[in-house]
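Shown next, in structure tokens, is the structure this report addresses.
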Amino acid sequence: MRLRYASRMSARIYLLNGPNLNLLGERETAIYGSQTLADIELLCRKSAASHGLELVSHQTNAEHEMIAWLQEARRAAGIVINPAAFCYHSVPILDALRLCECPIVEVHISNIYRREESWRSHSILAAACTGVITGLGIEGYRLAIEYLAQQLGAGAPGAVR
Ligand code: CA2
């Protein structure tokens, strides 16, 4: 199979998690589950590695840091982002996403359309992303990586390339 990027081993995917997600697994487990951010990173790292992709992972509670990482990721192979509550108001992050040249998957652990607070269902960032996965728990992150790998022509996990 002909790969769509020059060096598969150097193709890099960014996993970016927004505010408060460093506390996953500690509170509100009925909504977000009991798995931690470390569990998410491990899941994504394994999935990326199975496709020969490198994963760069960051979590931040600071908007300016998220913007800096999005700028760094601008020409990466893909971005998986759970912007958390940044998705409800951050125009600077919206602009940073629009400057990115790679596919972007927005992930939410909970189903933002089923939440008690109706305002949670409108992400202003979704319009700047390739697609959105919401409500599938941490499995959503893995599916996002699978999608990016497929777009890159990385093939099935374990496939001979
Ligand atoms: O479902 C998601 O992944 C969310 O992006 C999580 C955000 C929330 O603001 C979005 O509406 C949906 C962050 C939730 C607060 O973070 C917590 C972290 C650990 C434990 C409880 C909440």
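Here, A, B, ... name the chains of the structure tokens in the order displayed, residue numbers run from 1 inside each chain, and ligands are numbered from 1 in the same displayed order.
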Closest atom pairs, residues of chain A within 7 Å of ligand 1, only C-alpha atoms and all ligand atoms, as a tab-separated table:
```
residue	atom	partner	partner_atom_place_in_ligand_line	distance
A:Pro19	CA	ligand 1	13 (C)	6.5
A:Asn20	CA	ligand 1	16 (O)	4.4
A:Leu21	CA	ligand 1	18 (C)	4.4
A:Asn22	CA	ligand 1	18 (C)	6.6
A:Leu23	CA	ligand 1	19 (C)	4.2
A:Leu24	CA	ligand 1	19 (C)	3.6
A:Gly25	CA	ligand 1	20 (C)	6.0
A:Glu26	CA	ligand 1	20 (C)	5.7
A:Arg27	CA	ligand 1	20 (C)	4.3
A:Glu28	CA	ligand 1	21 (C)	4.7
A:Thr29	CA	ligand 1	20 (C)	6.8
A:Tyr32	CA	ligand 1	1 (O)	6.5
A:Asn82	CA	ligand 1	5 (O)	5.7
A:Pro83	CA	ligand 1	5 (O)	6.1
A:Ala84	CA	ligand 1	5 (O)	3.4
A:Ala85	CA	ligand 1	9 (O)	3.9
A:Val107	CA	ligand 1	3 (O)	6.6
A:His108	CA	ligand 1	3 (O)	3.4
A:Ile109	CA	ligand 1	3 (O)	3.7
A:Ser110	CA	ligand 1	1 (O)	3.6
A:Asn111	CA	ligand 1	1 (O)	6.3
A:Ile112	CA	ligand 1	12 (C)	6.0
A:Arg120	CA	ligand 1	11 (O)	5.0
A:Gly135	CA	ligand 1	1 (O)	6.9
```
* Asked: Which polymer residues have any atom within 10 Å of an atom of Ala144 in chain A, counting only C-alpha atoms, with same-chain residues fewer than 6 positions away left out, as a ChimeraX atom specification?
  -> /A:15,44,47,78-81,104-107,131-133,150
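All residues within chain A that the backbone DSSP calculation assigns to strand (DSSP E) are Arg12, Ile13, Tyr14, Leu15, Leu16, Asn17, Glu54, Leu55, Val56, Ser57, His58, Gln59, Gly78, Ile79, Val80, Ile81, Asn82, Ile104, Val105, Glu106, Val107, His108, Gly131, Val132, Ile133 and Thr134 of chain A.
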* Between CA of Ala77 in chain A and CA of Leu43 in chain A - distance in Å to one decimal -> 18.4 Å
* Asked: So how far away is CA of Asp95 in chain A from CA of Arg74 in chain A, in Å?
  ->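 Atom-to-atom, CA of Arg74 in chain A to CA of Asp95 in chain A, that is 11.8 Å.
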* Asked: If you run DSSP on this backbone, which residues of range 22-150 of chain A come out as helix (DSSP H, G or I), and could you give them as a VMD selection string?
  -> chain A and resid 22 to 23 29 to 32 37 to 50 63 to 72 84 to 88 91 to 98 118 to 121 126 to 128 139 to 150
Against range 48-56 of chain A, which residues of range 70-149 of chain A fall within 8 Å? For each one I want the closest pair of atoms and the distance in Å (one decimal), counting only C-alpha atoms, rows by chain and increasing residue number, as JSON lines.
```
{"residue": "A:Ile145", "atom": "CA", "partner": "A:Ala48", "partner_atom": "CA", "distance": 6.5}
{"residue": "A:Glu146", "atom": "CA", "partner": "A:Ala48", "partner_atom": "CA", "distance": 7.8}
{"residue": "A:Ala149", "atom": "CA", "partner": "A:His51", "partner_atom": "CA", "distance": 6.5}
```
Store the residues picked out above, limited to N, CA, C and O atoms, as a PDB file, in the first residue's frame.
```pdb
ATOM      1  N   ILE A 145      -8.275   7.896  17.075  1.00  0.00           N
ATOM      2  CA  ILE A 145      -6.944   7.532  16.555  1.00  0.00           C
ATOM      3  C   ILE A 145      -7.065   6.566  15.383  1.00  0.00           C
ATOM      4  O   ILE A 145      -6.358   6.676  14.384  1.00  0.00           O
ATOM      5  N   GLU A 146      -7.997   5.606  15.514  1.00  0.00           N
ATOM      6  CA  GLU A 146      -8.208   4.656  14.406  1.00  0.00           C
ATOM      7  C   GLU A 146      -8.598   5.412  13.137  1.00  0.00           C
ATOM      8  O   GLU A 146      -8.124   5.114  12.043  1.00  0.00           O
ATOM      9  N   ALA A 149      -5.567   7.193  11.722  1.00  0.00           N
ATOM     10  CA  ALA A 149      -4.657   6.217  11.119  1.00  0.00           C
ATOM     11  C   ALA A 149      -5.196   5.784   9.755  1.00  0.00           C
ATOM     12  O   ALA A 149      -4.447   5.669   8.777  1.00  0.00           O
TER      13      ALA A 149
END
```
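Here CA of Glu65 in chain A stands at a distance of 13.8 Å from CA of Leu94 in chain A.
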* Distance query range 67-69 of chain A at most 12 Å, only C-alpha atoms, self and fewer than 3 positions along chain excluded, as number ranges by chain -> A: 13-18, 56-64, 72-76, 79-81, 83, 86, 90-100
Between range 71-155 of chain A and range 34-40 of chain A, at 10 Å or less, what are the per-residue closest atom pairs and their distances in Å? Count only C-alpha atoms, order by chain and rising residue number, and return it as CSV.
```
residue,atom,partner,partner_atom,distance
A:Gly137,CA,A:Gln35,CA,9.3
A:Ile138,CA,A:Ile40,CA,6.4
A:Glu139,CA,A:Ile40,CA,8.6
A:Gly140,CA,A:Ile40,CA,9.9
A:Tyr141,CA,A:Ile40,CA,7.4
A:Arg142,CA,A:Ile40,CA,8.5
```
* Structure fact -> For Ala30 in chain A, the closest of A:Arg115, A:Thr134, A:Leu152, A:Met66 counting only C-alpha atoms is A:Arg115
